[in-house]
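Undergrad: Okay, so here is model03.cif, and as you'll see once you scroll down, it has mmCIF, C-alpha atoms and all ligand atoms.
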```cif
data_input
loop_
_atom_site.label_atom_id
_atom_site.label_comp_id
_atom_site.auth_asym_id
_atom_site.auth_seq_id
_atom_site.Cartn_x
_atom_site.Cartn_y
_atom_site.Cartn_z
CA MET A 1 12.45 0.89 -25.75
CA LYS A 2 15.57 -0.84 -24.51
CA PRO A 3 16.46 -4.52 -24.31
CA LYS A 4 15.13 -5.83 -21.00
CA LYS A 5 17.50 -6.76 -18.22
CA GLU A 6 17.47 -10.15 -16.62
CA ILE A 7 14.67 -10.60 -14.07
CA LYS A 8 16.12 -12.68 -11.27
CA LYS A 9 16.10 -12.62 -7.50
CA ILE A 10 19.46 -13.57 -6.04
CA VAL A 11 19.36 -15.81 -2.99
CA PHE A 12 22.52 -16.96 -1.23
CA GLN A 13 22.54 -20.55 0.00
CA SER A 14 25.57 -20.09 2.22
CA ALA A 15 28.10 -17.47 3.33
CA GLU A 16 30.51 -18.77 0.65
CA ASP A 17 28.08 -17.70 -2.08
CA MET A 18 28.29 -14.08 -0.96
CA PRO A 19 30.57 -11.70 -2.84
CA THR A 20 33.69 -10.86 -0.81
CA MET A 21 32.86 -7.18 -1.19
CA PRO A 22 29.29 -6.25 -0.17
CA MET A 23 28.28 -5.08 -3.61
CA SER A 24 25.02 -5.09 -5.55
CA ILE A 25 24.98 -7.75 -8.24
CA GLY A 26 21.35 -7.74 -9.30
CA ASN A 27 18.50 -5.34 -10.11
CA MET A 28 15.03 -5.02 -8.58
CA LEU A 29 13.02 -6.23 -11.57
CA TRP A 30 12.03 -9.42 -9.71
CA ASN A 31 9.98 -7.21 -7.40
CA LYS A 32 6.76 -6.87 -9.39
CA THR A 33 5.35 -3.75 -7.77
CA GLY A 34 2.24 -4.04 -9.94
CA SER A 35 0.77 -6.10 -7.08
CA TRP A 36 0.68 -2.93 -4.92
CA ARG A 37 -1.95 -1.41 -7.17
CA ASN A 38 -5.64 -1.10 -6.38
CA ILE A 39 -6.50 1.19 -9.29
CA ARG A 40 -5.00 0.82 -12.75
CA PRO A 41 -4.40 3.38 -15.51
CA GLU A 42 -5.94 2.61 -18.89
CA ILE A 43 -4.88 4.69 -21.86
CA ARG A 44 -7.49 5.48 -24.50
CA LEU A 45 -5.14 5.81 -27.45
CA GLU A 46 -7.88 7.26 -29.73
CA ASP A 47 -7.58 10.53 -27.82
CA CYS A 48 -3.83 10.42 -27.12
CA ILE A 49 -1.85 13.33 -28.59
CA GLN A 50 1.56 11.60 -28.06
CA CYS A 51 2.84 14.43 -25.87
CA GLY A 52 4.96 12.09 -23.70
CA ILE A 53 3.84 13.74 -20.46
CA CYS A 54 2.72 10.45 -18.87
CA TRP A 55 6.14 8.96 -19.67
CA LYS A 56 7.88 12.02 -18.26
CA PHE A 57 6.08 12.03 -14.90
CA CYS A 58 5.74 8.32 -14.14
CA PRO A 59 7.83 7.82 -10.97
CA ASP A 60 8.11 4.11 -11.63
CA MET A 61 9.32 4.05 -15.21
CA SER A 62 6.13 2.14 -16.01
CA ILE A 63 5.05 4.01 -19.12
CA GLU A 64 6.97 2.59 -22.03
CA ILE A 65 6.99 3.85 -25.57
CA GLU A 66 6.23 1.29 -28.21
CA ALA A 67 6.13 2.38 -31.84
CA GLU A 68 5.63 6.01 -30.74
CA TRP A 69 2.68 5.26 -28.42
CA PRO A 70 2.56 5.11 -24.60
CA VAL A 71 2.01 1.65 -23.09
CA VAL A 72 1.61 0.91 -19.38
CA ASN A 73 3.83 -1.81 -17.96
CA TYR A 74 1.42 -3.40 -15.47
CA ASP A 75 4.17 -5.55 -13.96
CA TYR A 76 5.56 -2.46 -12.21
CA CYS A 77 2.92 0.31 -12.35
CA LYS A 78 2.07 1.06 -8.70
CA GLY A 79 -1.19 2.80 -9.60
CA CYS A 80 -0.27 6.24 -8.25
CA GLY A 81 -2.47 8.01 -10.79
CA ILE A 82 0.02 10.75 -11.69
CA CYS A 83 -0.17 9.88 -15.40
CA ALA A 84 -3.97 10.21 -15.42
CA GLU A 85 -3.82 13.47 -13.44
CA GLU A 86 -1.18 15.06 -15.69
CA CYS A 87 -2.37 13.84 -19.13
CA PRO A 88 -3.44 17.02 -20.99
CA ALA A 89 -5.81 15.07 -23.28
CA LYS A 90 -7.48 13.42 -20.25
CA CYS A 91 -7.24 10.11 -22.06
CA ILE A 92 -5.95 8.04 -19.14
CA VAL A 93 -8.62 6.71 -16.80
CA MET A 94 -7.98 5.03 -13.47
CA VAL A 95 -10.20 1.98 -13.09
CA GLU A 96 -10.75 -0.42 -10.20
CA GLU A 97 -8.17 -3.22 -10.29
CA ARG A 98 -9.50 -6.65 -11.23
CA LYS A 99 -8.10 -9.17 -8.81
CA MET B 1 -3.11 2.84 -35.66
CA LYS B 2 -4.13 6.29 -36.86
CA LYS B 3 -1.91 9.19 -37.99
CA GLU B 4 1.86 8.83 -38.19
CA LYS B 5 3.37 10.99 -35.48
CA LYS B 6 6.44 10.87 -33.27
CA MET B 7 6.07 10.80 -29.51
CA THR B 8 7.34 14.04 -27.96
CA LEU B 9 10.12 13.28 -25.48
CA THR B 10 11.58 16.30 -23.72
CA LEU B 11 14.06 14.39 -21.54
CA PRO B 12 16.96 12.06 -22.30
CA VAL B 13 15.48 8.56 -22.83
CA GLU B 14 18.09 6.59 -20.91
CA GLU B 15 16.65 5.23 -17.62
CA LEU B 16 19.30 4.68 -14.94
CA VAL B 17 16.77 4.16 -12.16
CA GLY B 18 14.89 0.92 -12.67
CA SER B 19 11.37 -0.31 -11.93
CA GLY B 20 10.64 -2.66 -9.05
CA ASN B 21 12.11 -0.22 -6.55
CA LEU B 22 10.64 0.30 -3.08
CA ALA B 23 9.44 3.92 -3.28
CA CYS B 24 5.83 4.59 -2.23
CA GLN B 25 3.19 5.30 -4.88
CA GLY B 26 3.71 8.79 -6.33
CA CYS B 27 7.07 9.37 -4.63
CA GLY B 28 8.68 12.69 -5.62
CA ALA B 29 12.13 11.53 -4.52
CA ASN B 30 11.92 8.72 -7.05
CA LEU B 31 11.30 11.25 -9.84
CA ALA B 32 14.09 13.51 -8.57
CA LEU B 33 16.80 10.88 -8.95
CA ARG B 34 15.35 9.62 -12.23
CA TYR B 35 15.78 13.12 -13.72
CA VAL B 36 19.20 13.81 -12.20
CA LEU B 37 20.63 10.55 -13.54
CA LYS B 38 19.12 11.22 -16.96
CA ALA B 39 21.20 14.41 -16.97
CA LEU B 40 24.42 12.93 -15.56
CA GLY B 41 24.53 9.65 -17.48
CA GLN B 42 26.22 6.37 -16.71
CA ARG B 43 29.59 7.67 -15.51
CA THR B 44 28.32 8.70 -12.11
CA VAL B 45 28.84 7.45 -8.56
CA LEU B 46 26.25 8.19 -5.88
CA CYS B 47 26.99 8.45 -2.17
CA ILE B 48 23.72 7.89 -0.29
CA PRO B 49 23.42 8.32 3.47
CA ALA B 50 20.55 6.90 5.54
CA CYS B 51 17.34 8.31 4.01
CA CYS B 52 14.38 7.02 2.01
CA TRP B 53 16.60 6.52 -1.02
CA ALA B 54 18.81 4.11 0.93
CA VAL B 55 15.69 1.92 1.12
CA ILE B 56 14.09 2.67 -2.27
CA ASP B 57 17.19 1.28 -3.99
CA GLY B 58 16.46 -2.25 -2.76
CA ALA B 59 18.10 -4.69 -0.38
CA PHE B 60 21.53 -6.28 -0.83
CA PRO B 61 22.54 -7.80 -3.22
CA HIS B 62 20.03 -5.91 -5.40
CA SER B 63 19.95 -2.30 -6.56
CA CYS B 64 17.40 -0.66 -8.83
CA MET B 65 20.09 1.60 -10.25
CA SER B 66 22.46 1.20 -13.17
CA VAL B 67 25.18 3.31 -11.53
CA PRO B 68 27.35 2.40 -8.55
CA ILE B 69 26.19 3.66 -5.19
CA TYR B 70 27.97 3.87 -1.87
CA HIS B 71 25.75 3.59 1.22
CA CYS B 72 27.30 5.82 3.88
CA ALA B 73 26.49 6.95 7.41
CA PHE B 74 23.73 9.53 7.91
CA GLU B 75 25.98 12.53 8.61
CA THR B 76 28.65 11.78 5.99
CA ALA B 77 27.22 12.28 2.47
CA ALA B 78 29.53 15.18 1.60
CA SER B 79 32.69 13.79 3.21
CA THR B 80 32.11 10.37 1.62
CA ALA B 81 31.70 11.98 -1.79
CA THR B 82 34.90 13.98 -1.23
CA GLY B 83 36.73 10.76 -0.39
CA VAL B 84 35.35 8.87 -3.39
CA LYS B 85 36.37 11.75 -5.66
CA ALA B 86 39.91 11.79 -4.20
CA GLY B 87 40.15 8.00 -4.63
CA LEU B 88 39.07 8.19 -8.27
CA GLU B 89 41.61 10.94 -8.94
CA MET B 90 44.33 8.77 -7.38
CA VAL B 91 43.64 6.02 -9.90
CA GLY B 92 43.54 8.50 -12.76
CA ASP B 93 39.79 8.72 -13.27
CA LEU B 94 39.00 12.38 -13.82
CA GLU B 95 35.80 11.72 -15.76
CA THR B 96 33.37 10.17 -13.29
CA THR B 97 30.93 12.57 -11.64
CA VAL B 98 30.70 12.06 -7.88
CA VAL B 99 27.34 12.90 -6.35
CA ALA B 100 26.23 13.07 -2.74
CA TRP B 101 22.51 12.29 -2.73
CA ALA B 102 20.84 13.06 0.59
CA GLY B 103 17.48 13.92 2.12
CA ASP B 104 16.70 17.15 3.92
CA GLY B 105 17.47 15.66 7.34
CA GLY B 106 20.85 14.48 6.05
CA THR B 107 21.53 17.93 4.59
CA PHE B 108 19.90 20.68 6.68
CA ASP B 109 20.53 18.95 10.01
CA ILE B 110 22.96 16.13 10.67
CA GLY B 111 25.07 16.36 7.49
CA LEU B 112 25.45 20.14 7.54
CA GLN B 113 28.91 20.14 9.09
CA ALA B 114 30.33 17.71 6.51
CA LEU B 115 28.63 19.67 3.74
CA SER B 116 30.00 22.96 5.02
CA GLY B 117 33.48 21.45 5.17
CA ALA B 118 33.32 20.20 1.60
CA ALA B 119 31.90 23.51 0.35
CA GLU B 120 34.53 25.55 2.16
CA ARG B 121 37.30 23.43 0.57
CA ASN B 122 35.37 23.66 -2.72
CA ASP B 123 35.68 19.90 -3.18
CA ASP B 124 34.79 18.76 -6.67
CA ILE B 125 31.44 17.12 -5.99
CA ILE B 126 27.77 17.65 -6.81
CA TYR B 127 25.66 17.63 -3.67
CA VAL B 128 21.96 17.06 -4.26
CA CYS B 129 19.41 17.41 -1.50
CA TYR B 130 15.98 16.00 -2.29
CA ASP B 131 13.73 17.86 0.07
CA ASN B 132 10.59 16.11 1.34
CA GLU B 133 10.49 18.41 4.36
CA ALA B 134 10.86 15.84 7.17
CA TYR B 135 12.61 12.65 8.27
CA MET B 136 10.41 10.33 6.23
CA ASN B 137 12.36 7.11 6.30
CA THR B 138 12.04 6.84 10.09
CA GLY B 139 8.33 7.74 10.17
CA ILE B 140 7.81 11.49 9.57
CA GLN B 141 9.71 13.46 12.20
CA ARG B 142 10.28 17.22 11.97
CA SER B 143 13.51 18.41 10.36
CA SER B 144 14.77 21.97 10.01
CA ALA B 145 13.38 21.81 6.45
CA THR B 146 9.83 21.24 7.71
CA PRO B 147 7.77 24.37 6.95
CA THR B 148 6.01 26.45 9.61
CA GLY B 149 2.65 25.04 10.64
CA ALA B 150 3.20 21.51 9.37
CA TRP B 151 2.14 18.45 11.30
CA THR B 152 4.74 15.71 11.81
CA THR B 153 4.85 12.99 14.47
CA THR B 154 7.16 15.21 16.54
CA THR B 155 5.18 18.39 15.85
CA PRO B 156 1.66 17.10 16.61
CA VAL B 157 -1.47 19.10 15.80
CA LYS B 158 -1.49 20.67 19.27
CA PHE B 159 2.08 21.87 18.80
CA PRO B 160 2.68 22.34 15.06
CA LYS B 161 6.07 23.60 13.95
CA ASP B 162 6.48 27.24 15.01
CA ARG B 163 9.83 27.98 13.38
CA PRO B 164 10.39 28.82 9.69
CA LYS B 165 12.07 26.43 7.28
CA LYS B 166 15.85 26.86 7.42
CA ASP B 167 17.18 28.76 4.40
CA ILE B 168 19.77 26.19 3.34
CA ASP B 169 20.31 27.90 0.01
CA ALA B 170 21.39 31.13 1.72
CA ILE B 171 23.77 29.07 3.89
CA MET B 172 25.27 27.43 0.81
CA ALA B 173 25.47 30.76 -1.04
CA ALA B 174 27.39 32.17 1.93
CA HIS B 175 30.08 29.53 1.21
CA ARG B 176 30.59 31.21 -2.21
CA ILE B 177 30.41 27.88 -4.03
CA PRO B 178 30.56 28.16 -7.82
CA TYR B 179 27.02 26.91 -8.42
CA LEU B 180 23.82 26.48 -6.51
CA ALA B 181 20.31 25.87 -7.85
CA THR B 182 16.82 25.13 -6.60
CA ALA B 183 14.60 22.85 -8.67
CA SER B 184 11.27 21.03 -8.44
CA ILE B 185 10.34 17.59 -9.74
CA SER B 186 7.40 19.14 -11.57
CA TYR B 187 9.75 20.96 -13.94
CA PRO B 188 11.90 18.04 -15.15
CA GLU B 189 13.44 19.89 -18.09
CA ASP B 190 14.68 22.51 -15.62
CA VAL B 191 16.08 19.79 -13.32
CA VAL B 192 17.95 18.24 -16.26
CA LYS B 193 19.23 21.61 -17.50
CA LYS B 194 20.54 22.62 -14.09
CA THR B 195 22.12 19.23 -13.43
CA LYS B 196 23.92 19.36 -16.78
CA LYS B 197 25.11 22.87 -16.01
CA ALA B 198 26.35 21.70 -12.60
CA LYS B 199 28.20 18.82 -14.28
CA SER B 200 30.07 21.27 -16.54
CA ILE B 201 31.40 23.27 -13.56
CA LYS B 202 34.29 22.35 -11.25
CA GLY B 203 34.10 22.66 -7.48
CA THR B 204 31.24 22.19 -5.03
CA ARG B 205 27.86 22.37 -6.69
CA PHE B 206 24.63 22.24 -4.70
CA ILE B 207 21.20 21.37 -6.08
CA HIS B 208 18.13 21.58 -3.87
CA ILE B 209 15.19 19.63 -5.32
CA TYR B 210 11.65 19.92 -4.00
CA ALA B 211 10.30 16.35 -3.79
CA PRO B 212 6.69 15.89 -2.64
CA CYS B 213 6.08 12.89 -0.36
CA PRO B 214 2.46 11.64 -0.36
CA THR B 215 3.11 9.36 2.63
CA GLY B 216 4.58 12.03 4.89
CA TRP B 217 2.45 14.94 3.73
CA LYS B 218 -0.82 12.99 3.83
CA SER B 219 -1.55 14.01 0.27
CA ARG B 220 -2.94 11.96 -2.62
CA PRO B 221 -0.21 10.23 -4.66
CA GLU B 222 -1.63 11.62 -7.91
CA ASP B 223 -1.16 15.18 -6.60
CA ALA B 224 2.62 14.90 -6.22
CA VAL B 225 3.43 16.63 -9.50
CA LYS B 226 0.67 19.20 -8.98
CA LEU B 227 2.11 20.12 -5.56
CA GLY B 228 5.61 20.52 -6.98
CA ARG B 229 4.17 22.96 -9.52
CA MET B 230 2.03 24.88 -7.02
CA VAL B 231 4.97 25.70 -4.75
CA VAL B 232 6.75 27.37 -7.63
CA GLN B 233 3.68 29.34 -8.70
CA ASN B 234 2.80 30.50 -5.20
CA CYS B 235 6.46 31.33 -4.43
CA VAL B 236 6.75 28.90 -1.52
CA PHE B 237 9.69 27.31 -3.38
CA PRO B 238 10.98 29.64 -6.12
CA LEU B 239 13.32 28.36 -8.81
CA TYR B 240 16.62 30.23 -8.95
CA GLU B 241 20.38 29.84 -9.34
CA VAL B 242 23.27 31.45 -7.49
CA GLU B 243 26.77 31.64 -8.93
CA HIS B 244 29.75 32.23 -6.62
CA GLY B 245 27.37 33.17 -3.85
CA GLU B 246 26.52 36.48 -5.45
CA LYS B 247 24.97 36.27 -8.87
CA TYR B 248 21.30 35.43 -8.25
CA THR B 249 19.17 34.48 -11.26
CA LEU B 250 15.45 33.90 -11.01
CA ASN B 251 14.52 31.10 -13.44
CA MET B 252 10.78 31.47 -13.37
CA LYS B 253 9.26 34.91 -13.22
CA ILE B 254 5.90 34.79 -11.46
CA LYS B 255 3.44 37.33 -12.82
CA ASP B 256 0.29 36.06 -11.17
CA LYS B 257 1.39 34.95 -7.70
CA LYS B 258 -1.12 32.47 -6.27
CA PRO B 259 -2.17 32.43 -2.59
CA ILE B 260 -0.97 29.41 -0.62
CA ASP B 261 -4.48 28.18 0.32
CA ASP B 262 -4.95 25.66 -2.50
CA TYR B 263 -1.54 24.13 -1.85
CA LEU B 264 -2.31 23.77 1.87
CA LYS B 265 -5.71 22.19 1.18
CA LEU B 266 -4.21 19.29 -0.75
CA GLN B 267 -2.12 18.15 2.22
CA GLY B 268 -3.30 16.49 5.42
CA ARG B 269 -0.23 17.83 7.26
CA PHE B 270 -1.79 21.33 7.10
CA ARG B 271 -5.40 20.35 7.77
CA HIS B 272 -5.47 21.67 11.35
CA LEU B 273 -4.45 25.22 10.42
CA LYS B 274 -6.70 28.11 11.39
CA PRO B 275 -7.19 31.17 9.14
CA GLU B 276 -4.93 33.33 11.34
CA GLN B 277 -2.12 30.75 11.12
CA ILE B 278 -2.52 30.58 7.34
CA LYS B 279 -2.29 34.37 7.24
CA LEU B 280 1.02 34.28 9.13
CA MET B 281 2.35 31.61 6.75
CA GLN B 282 1.32 33.69 3.75
CA GLU B 283 3.19 36.67 5.23
CA GLU B 284 6.31 34.54 5.66
CA VAL B 285 6.10 33.42 2.01
CA ASP B 286 5.58 37.01 0.82
CA HIS B 287 8.50 38.21 2.92
CA ASN B 288 10.87 35.51 1.58
CA TRP B 289 9.76 36.19 -1.97
CA ALA B 290 10.38 39.94 -1.64
CA ARG B 291 13.82 39.22 -0.17
CA LEU B 292 14.70 36.90 -3.06
CA LEU B 293 13.54 39.42 -5.67
CA LYS B 294 15.78 42.03 -4.07
CA LYS B 295 18.79 39.68 -4.25
CA CYS B 296 18.06 38.91 -7.92
CA GLU B 297 17.72 42.61 -8.78
CA SER B 298 20.92 43.67 -7.08
CA ALA B 299 22.92 40.82 -8.68
C1 LIG A 301 23.56 8.86 13.15
C2 LIG A 301 22.20 8.39 12.79
N1 LIG A 301 21.13 8.90 13.44
C3 LIG A 301 19.89 8.49 13.12
C4 LIG A 301 19.69 7.57 12.13
C5 LIG A 301 18.29 7.10 11.80
N2 LIG A 301 17.79 7.65 10.53
C6 LIG A 301 17.92 6.97 9.37
S1 LIG A 301 17.24 7.75 8.07
C7 LIG A 301 16.72 9.01 9.05
C8 LIG A 301 15.90 10.14 8.49
C9 LIG A 301 16.35 10.64 7.17
O1 LIG A 301 15.67 11.81 6.86
P1 LIG A 301 16.02 12.60 5.54
O2 LIG A 301 17.48 12.83 5.46
O3 LIG A 301 15.15 13.80 5.47
O4 LIG A 301 15.64 11.57 4.37
P2 LIG A 301 14.19 10.97 4.04
O5 LIG A 301 14.05 9.72 4.83
O6 LIG A 301 13.17 11.99 4.39
O7 LIG A 301 14.24 10.68 2.59
C10 LIG A 301 17.12 8.81 10.38
C11 LIG A 301 16.78 9.71 11.52
C12 LIG A 301 20.84 7.04 11.46
N3 LIG A 301 20.72 6.15 10.47
N4 LIG A 301 22.07 7.46 11.81
S1 LIG A 302 -0.34 5.05 -12.34
FE1 LIG A 302 1.63 5.90 -11.61
S2 LIG A 302 3.02 4.15 -11.70
FE2 LIG A 302 1.26 3.62 -12.96
S3 LIG A 302 1.84 4.24 -15.03
FE3 LIG A 302 0.68 5.95 -14.12
S4 LIG A 302 2.27 7.28 -13.28
FE4 LIG A 302 3.24 5.28 -13.63
S1 LIG A 303 -0.04 12.14 -21.40
FE1 LIG A 303 -1.94 11.47 -22.39
S2 LIG A 303 -1.90 12.44 -24.39
FE2 LIG A 303 0.18 12.57 -23.61
S3 LIG A 303 1.19 10.73 -24.40
FE3 LIG A 303 0.39 10.19 -22.40
S4 LIG A 303 -1.63 9.29 -22.81
FE4 LIG A 303 -1.01 10.40 -24.65
S1 LIG A 304 8.10 8.14 2.50
FE1 LIG A 304 7.92 9.78 0.98
S2 LIG A 304 10.01 10.12 0.18
FE2 LIG A 304 9.98 8.16 1.28
S3 LIG A 304 9.61 6.63 -0.34
FE3 LIG A 304 7.60 7.17 0.53
S4 LIG A 304 6.84 8.85 -0.73
FE4 LIG A 304 9.03 8.64 -1.17
MG MG A 305 13.41 14.07 4.31
#
```
Output the file's structure as structure tokens, nothing else.

TA:
Amino acid sequence: MKPKKEIKKIVFQSAEDMPTMPMSIGNMLWNKTGSWRNIRPEIRLEDCIQCGICWKFCPDMSIEIEAEWPVVNYDYCKGCGICAEECPAKCIVMVEERK
Amino acid sequence: MKKEKKMTLTLPVEELVGSGNLACQGCGANLALRYVLKALGQRTVLCIPACCWAVIDGAFPHSCMSVPIYHCAFETAASTATGVKAGLEMVGDLETTVVAWAGDGGTFDIGLQALSGAAERNDDIIYVCYDNEAYMNTGIQRSSATPTGAWTTTTPVKFPKDRPKKDIDAIMAAHRIPYLATASISYPEDVVKKTKKAKSIKGTRFIHIYAPCPTGWKSRPEDAVKLGRMVVQNCVFPLYEVEHGEKYTLNMKIKDKKPIDDYLKLQGRFRHLKPEQIKLMQEEVDHNWARLLKKCESA
């Protein structure tokens, strides 16, 4: 939906590299929480009614909307299963993760 | 693809909490802040004391959020927010919303004095307590927000909690603050509406958000949203607002009040309960509900 932010982990080589004020200068996108998952949501779009409920309740901002359809971002989806549980059309199934 | 149709989005689309954060799977606290920031927008500062959210955000120099946050000591969420607000006013910034964002331990227990001070002075801050009903960040210890009967590591099965949950909302109402609201993560539109309303008011505003915690409650992550809905429908956690400590408004009328059994069954922290204990808990819920209805009627 939005332009993606830079995905970069910041590592300081020495104390001089550190900002003088202890402030956050990077996001957490380098932390691909998708690796936490042991079950993955799969959306059967044929049955999707585009209600946006999966997007609304995903705690990890891992349901994106592309051209008016929900798409799971597997880089960050933690596999909690809330989307599948809440989908009124029951069109999200949780399947065993392929490793 | 088939039929042309627009996706229905009932919340602001801007995401100010980012992915890659360290919340557990199905964390209610994660949803709580996501919704609150959707309502407040970019011009917001958060003051976060020690709590799960101090960890979820990520380790220095990273932060999953697109708004500035100030990590403060456990007992100081309200006083830190007061100070940040005063500092911003000194430099002529009257626009930025200053929010204290604390857990139940940081609010009901250790931060209560600072919160009471800010509320009594009617400092111009929004104080949000996300309530997961225990000290989760340090490994599930009882807080005064833990409900009767619940297991925690400090209220083991042999000695479950025997005191009722502290009524923090009544305490805050007694301060006659301009606005106070309860909310649940399972009703995000209501969270957004109340947060926007709070933003439009001056003075101390208090929002108490019910935030299920699969890790601490020993519940399934996929049930987090279901649990947040059940507590509203069985009147364990009713949704209401209080203006100036007196005008009570019930936001969700409950016609068909559900028994608490199904909500208890979904959580391992209540697994040890015997029927007579459940009966006592149901009586406590009924009693609190009747008391709230009376307050709403007389308002
Ligand atoms: C003065 C002080 N005492 C104790 C601690 C340890 N501590 C850090 S977070 C925490 C629990 C926080 O509980 P709560 O406010 O409910 O937030 P949650 O972790 O549940 O989100 C405790 C006891 C501390 N950081 N500072
Ligand atoms: S399983 Fe959980 S994290 Fe993954 S997309 Fe669904 S709601 Fe989001
Ligand atoms: S909740 Fe189900 S029906 Fe609704 S948009 Fe998501 S996948 Fe489609
Ligand atoms: S312990 Fe509970 S509140 Fe803390 S991050 Fe995990 S699920 Fe969220
Ligand atoms: Mg807590």

Undergrad: Once you count all atoms listed in the file, which residues of chain B turn out to be within 7 Å of chain A? Could you give them as a count of residues only?

TA: 22

Undergrad: Of the candidates B:Lys199, B:Lys165, B:Arg220, B:His71, which one gets nearest to ligand LIG 304 (chain A) if we count only C-alpha atoms and all ligand atoms?

TA: B:Arg220

Undergrad: Rounded to one decimal, what separation in Å do you get between CA of Pro68 in chain B and atom O2 of ligand LIG 301 (chain A)?

TA: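 Atom-to-atom, CA of Pro68 in chain B to atom O2 of ligand LIG 301 (chain A), that is 20.1 Å.
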
Undergrad: For Gly105 in chain B, please output as a count of residues only all residues within 12 Å (counting all atoms listed in the file; exclusion window: fewer than 3 positions along the same chain).

TA: 34

Undergrad: Could you please determine the separation between CA of Ile63 in chain A and CA of Lys218 in chain B in Å, to one decimal place?

TA: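 If I compute the distance from CA of Ile63 in chain A to CA of Lys218 in chain B, I get 25.3 Å.
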
Undergrad: What does the distance from CA of Ile254 in chain B to CA of Lys294 in chain B come to in Å, to one decimal?

TA: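 Straight-line distance from CA of Ile254 in chain B to CA of Lys294 in chain B works out to 14.3 Å.
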
Undergrad: Name the residues in contact with Ala198 in chain B at a cut-off of 9 Å, using all atoms listed in the file, excluding same-chain residues fewer than 2 positions from it; report them as JSON, numbers by chain.

TA: {"B": [126, 179, 180, 181, 193, 194, 195, 196, 200, 201, 202, 205, 206, 207]}

Undergrad: Taking all atoms listed in the file into account, name the residue in A:Asp47, A:Asp17, A:Glu64, A:Glu6 that is nearest to ligand LIG 303 (chain A).

TA: A:Asp47
